[in-house]
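The data block below is start_15.cif; it holds mmCIF, N, CA and C atoms.
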data_entry
#
loop_
_atom_site.label_atom_id
_atom_site.label_comp_id
_atom_site.auth_asym_id
_atom_site.auth_seq_id
_atom_site.Cartn_x
_atom_site.Cartn_y
_atom_site.Cartn_z
N MET A 1 5.01 8.22 -3.82
CA MET A 1 4.55 9.56 -4.13
C MET A 1 4.80 10.50 -2.96
N ASP A 2 4.69 9.98 -1.75
CA ASP A 2 4.95 10.82 -0.58
C ASP A 2 6.42 11.25 -0.52
N ALA A 3 7.31 10.32 -0.88
CA ALA A 3 8.73 10.62 -0.80
C ALA A 3 9.12 11.75 -1.75
N TRP A 4 8.40 11.89 -2.84
CA TRP A 4 8.72 12.93 -3.82
C TRP A 4 7.90 14.19 -3.62
N GLY A 5 7.01 14.18 -2.64
CA GLY A 5 6.17 15.35 -2.39
C GLY A 5 5.07 15.52 -3.41
N LEU A 6 4.61 14.42 -4.00
CA LEU A 6 3.59 14.52 -5.04
C LEU A 6 2.16 14.50 -4.48
N ASN A 7 1.99 14.08 -3.25
CA ASN A 7 0.67 14.11 -2.62
C ASN A 7 0.44 15.48 -2.01
N THR A 8 -0.61 16.13 -2.45
CA THR A 8 -0.95 17.45 -1.92
C THR A 8 -2.33 17.40 -1.28
N GLU A 9 -2.62 18.39 -0.47
CA GLU A 9 -3.92 18.46 0.18
C GLU A 9 -5.03 18.67 -0.85
N ALA A 10 -4.74 19.44 -1.89
CA ALA A 10 -5.76 19.75 -2.90
C ALA A 10 -6.25 18.49 -3.61
N MET A 11 -5.38 17.54 -3.87
CA MET A 11 -5.84 16.35 -4.59
C MET A 11 -6.65 15.41 -3.70
N ASN A 12 -6.61 15.61 -2.40
CA ASN A 12 -7.41 14.79 -1.48
C ASN A 12 -8.78 15.40 -1.19
N GLN A 13 -9.03 16.62 -1.64
CA GLN A 13 -10.31 17.26 -1.36
C GLN A 13 -11.45 16.62 -2.16
N ASP A 14 -11.16 16.19 -3.37
CA ASP A 14 -12.17 15.54 -4.20
C ASP A 14 -11.76 14.08 -4.40
N GLN A 15 -12.63 13.15 -3.99
CA GLN A 15 -12.30 11.73 -4.04
C GLN A 15 -11.98 11.28 -5.48
N TRP A 16 -12.75 11.74 -6.45
CA TRP A 16 -12.51 11.32 -7.84
C TRP A 16 -11.15 11.81 -8.31
N ASP A 17 -10.78 13.05 -7.96
CA ASP A 17 -9.46 13.56 -8.34
C ASP A 17 -8.35 12.69 -7.76
N HIS A 18 -8.51 12.30 -6.50
CA HIS A 18 -7.48 11.47 -5.86
C HIS A 18 -7.32 10.14 -6.59
N VAL A 19 -8.44 9.50 -6.91
CA VAL A 19 -8.37 8.22 -7.62
C VAL A 19 -7.81 8.42 -9.01
N HIS A 20 -8.24 9.47 -9.68
CA HIS A 20 -7.79 9.72 -11.06
C HIS A 20 -6.30 10.02 -11.13
N VAL A 21 -5.80 10.75 -10.16
CA VAL A 21 -4.39 11.13 -10.16
C VAL A 21 -3.49 9.97 -9.74
N THR A 22 -3.98 9.09 -8.86
CA THR A 22 -3.13 8.04 -8.31
C THR A 22 -3.30 6.69 -8.99
N THR A 23 -4.06 6.63 -10.07
CA THR A 23 -4.29 5.37 -10.79
C THR A 23 -3.92 5.55 -12.25
N TRP A 24 -3.43 4.48 -12.88
CA TRP A 24 -3.19 4.52 -14.32
C TRP A 24 -4.48 4.88 -15.03
N ASN A 25 -4.42 5.71 -16.03
CA ASN A 25 -5.60 6.10 -16.77
C ASN A 25 -5.93 5.06 -17.83
N PHE A 26 -6.21 3.87 -17.35
CA PHE A 26 -6.57 2.74 -18.18
C PHE A 26 -7.87 2.22 -17.59
N LEU A 27 -8.94 2.21 -18.38
CA LEU A 27 -10.29 2.00 -17.88
C LEU A 27 -10.45 0.85 -16.89
N PRO A 28 -9.94 -0.36 -17.17
CA PRO A 28 -10.13 -1.43 -16.17
C PRO A 28 -9.52 -1.12 -14.82
N PHE A 29 -8.36 -0.47 -14.80
CA PHE A 29 -7.73 -0.14 -13.53
C PHE A 29 -8.51 0.94 -12.78
N LEU A 30 -9.05 1.91 -13.52
CA LEU A 30 -9.88 2.93 -12.88
C LEU A 30 -11.14 2.32 -12.29
N LEU A 31 -11.79 1.44 -13.05
CA LEU A 31 -13.01 0.80 -12.55
C LEU A 31 -12.72 -0.01 -11.29
N ARG A 32 -11.61 -0.73 -11.29
CA ARG A 32 -11.27 -1.55 -10.12
C ARG A 32 -10.95 -0.66 -8.92
N ARG A 33 -10.22 0.41 -9.14
CA ARG A 33 -9.80 1.29 -8.04
C ARG A 33 -10.98 2.04 -7.43
N VAL A 34 -11.89 2.52 -8.28
CA VAL A 34 -13.03 3.28 -7.78
C VAL A 34 -13.96 2.36 -7.00
N GLY A 35 -14.11 1.12 -7.45
CA GLY A 35 -14.95 0.16 -6.76
C GLY A 35 -16.42 0.31 -7.04
N ALA A 36 -16.79 1.14 -8.01
CA ALA A 36 -18.19 1.35 -8.33
C ALA A 36 -18.75 0.26 -9.24
N ALA A 37 -17.88 -0.45 -9.92
CA ALA A 37 -18.31 -1.49 -10.86
C ALA A 37 -18.08 -2.87 -10.24
N PRO A 38 -18.98 -3.82 -10.55
CA PRO A 38 -18.77 -5.19 -10.07
C PRO A 38 -17.52 -5.81 -10.69
N GLY A 39 -16.99 -6.82 -10.03
CA GLY A 39 -15.77 -7.47 -10.52
C GLY A 39 -15.90 -8.04 -11.91
N TRP A 40 -17.07 -8.60 -12.24
CA TRP A 40 -17.23 -9.19 -13.57
C TRP A 40 -17.18 -8.12 -14.66
N VAL A 41 -17.62 -6.91 -14.36
CA VAL A 41 -17.55 -5.82 -15.34
C VAL A 41 -16.10 -5.43 -15.57
N VAL A 42 -15.34 -5.32 -14.49
CA VAL A 42 -13.92 -4.97 -14.59
C VAL A 42 -13.18 -6.02 -15.41
N ASN A 43 -13.43 -7.29 -15.10
CA ASN A 43 -12.76 -8.37 -15.83
C ASN A 43 -13.18 -8.41 -17.29
N SER A 44 -14.45 -8.14 -17.57
CA SER A 44 -14.93 -8.11 -18.96
C SER A 44 -14.29 -6.98 -19.75
N VAL A 45 -14.20 -5.81 -19.14
CA VAL A 45 -13.57 -4.67 -19.82
C VAL A 45 -12.10 -4.95 -20.07
N LEU A 46 -11.43 -5.55 -19.10
CA LEU A 46 -10.02 -5.89 -19.28
C LEU A 46 -9.85 -6.90 -20.41
N ALA A 47 -10.73 -7.90 -20.48
CA ALA A 47 -10.66 -8.90 -21.55
C ALA A 47 -10.90 -8.25 -22.91
N ILE A 48 -11.84 -7.32 -22.98
CA ILE A 48 -12.10 -6.63 -24.25
C ILE A 48 -10.89 -5.81 -24.67
N TRP A 49 -10.27 -5.10 -23.73
CA TRP A 49 -9.07 -4.31 -24.03
C TRP A 49 -7.94 -5.23 -24.52
N LEU A 50 -7.73 -6.34 -23.84
CA LEU A 50 -6.65 -7.25 -24.24
C LEU A 50 -6.93 -7.88 -25.60
N ALA A 51 -8.19 -8.22 -25.88
CA ALA A 51 -8.54 -8.76 -27.20
C ALA A 51 -8.31 -7.72 -28.28
N GLY A 52 -8.63 -6.48 -27.98
CA GLY A 52 -8.38 -5.40 -28.94
C GLY A 52 -6.90 -5.20 -29.22
N ILE A 53 -6.10 -5.28 -28.18
CA ILE A 53 -4.64 -5.14 -28.35
C ILE A 53 -4.10 -6.31 -29.17
N ALA A 54 -4.59 -7.52 -28.89
CA ALA A 54 -4.16 -8.69 -29.65
C ALA A 54 -4.57 -8.56 -31.12
N ALA A 55 -5.78 -8.07 -31.36
CA ALA A 55 -6.24 -7.87 -32.74
C ALA A 55 -5.39 -6.82 -33.45
N LEU A 56 -5.07 -5.75 -32.76
CA LEU A 56 -4.21 -4.72 -33.34
C LEU A 56 -2.83 -5.30 -33.68
N GLY A 57 -2.28 -6.09 -32.78
CA GLY A 57 -0.99 -6.74 -33.06
C GLY A 57 -1.06 -7.65 -34.27
N ALA A 58 -2.15 -8.42 -34.39
CA ALA A 58 -2.31 -9.31 -35.54
C ALA A 58 -2.41 -8.52 -36.84
N VAL A 59 -3.15 -7.41 -36.80
CA VAL A 59 -3.28 -6.57 -38.00
C VAL A 59 -1.93 -5.97 -38.37
N LEU A 60 -1.18 -5.52 -37.40
CA LEU A 60 0.13 -4.93 -37.69
C LEU A 60 1.10 -5.96 -38.26
N LEU A 61 1.08 -7.18 -37.72
CA LEU A 61 1.94 -8.23 -38.27
C LEU A 61 1.53 -8.59 -39.69
N ARG A 62 0.25 -8.66 -39.93
CA ARG A 62 -0.25 -8.96 -41.28
C ARG A 62 0.12 -7.85 -42.26
N LEU A 63 0.00 -6.61 -41.82
CA LEU A 63 0.37 -5.47 -42.65
C LEU A 63 1.87 -5.49 -42.95
N ARG A 64 2.66 -5.82 -41.95
CA ARG A 64 4.11 -5.87 -42.16
C ARG A 64 4.48 -6.93 -43.18
N SER A 65 3.86 -8.11 -43.07
CA SER A 65 4.17 -9.17 -44.04
C SER A 65 3.66 -8.80 -45.43
N SER A 66 2.54 -8.12 -45.51
CA SER A 66 2.01 -7.68 -46.82
C SER A 66 2.94 -6.64 -47.46
N LEU A 67 3.45 -5.74 -46.66
CA LEU A 67 4.33 -4.70 -47.19
C LEU A 67 5.67 -5.27 -47.62
N ARG A 68 6.13 -6.32 -46.94
CA ARG A 68 7.41 -6.93 -47.34
C ARG A 68 7.29 -7.63 -48.69
N THR A 69 6.14 -8.24 -48.98
CA THR A 69 5.98 -8.94 -50.25
C THR A 69 5.82 -7.97 -51.40
N VAL A 70 5.29 -6.77 -51.16
CA VAL A 70 5.09 -5.76 -52.19
C VAL A 70 6.42 -5.09 -52.53
N ALA A 71 7.21 -4.79 -51.55
CA ALA A 71 8.46 -4.07 -51.77
C ALA A 71 9.54 -5.00 -52.15
#

Have the structure of the file written as structure tokens, please.
Amino acid sequence: MDAWGLNTEAMNQDQWDHVHVTTWNFLPFLLRRVGAAPGWVVNSVLAIWLAGIAALGAVLLRLRSSLRTVA
């Protein structure tokens, strides 16, 4: 980010802004970067997100197979 001139003085004035701008806006990564949450909370949130993504993938695959049999 320094090489491209993306770090400015304004984003360092507020600690939350700095963390928010320099971290992926994905809840487990934000929690880990801020350091306000215990490790088990971060890992639990990450596991919930991954389970949700896996469930979404399973639903999409099931929907795809259902649509192929109808058409």

**Report entry** Who sits within 7 Å of stretch 46-63 of chain A, only N, CA and C atoms, same chain under 4 positions skipped, as a ChimeraX atom specification
**Finding:** /A:27-28,41-42,67-68

Query raised in the report: Among stretch 2-55 of chain A, which residues carry a DSSP assignment of alpha helix (DSSP H), reported as number ranges by chain?
Result: A: 9-13, 15-22, 27-34, 39-55

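Here atom CA of A:Asn7 and atom N of A:Val34 stand 18.0 Å from one another.
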
Query - Straight-line distance linking atom C of A:Leu6 with atom N of A:Phe29, stated in Å to one decimal - result: 21.0 Å

**Report entry** A:Gly5, A:Leu30, A:Asn43, A:Ser66 ranked by distance to A:Asp17, top pick (using only C-alpha atoms)
**Finding:**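 Nearest to A:Asp17: A:Leu30.
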
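Our summary of the geometry notes that atom CA of A:Ala36 is positioned 12.7 Å from atom CA of A:Gln15.
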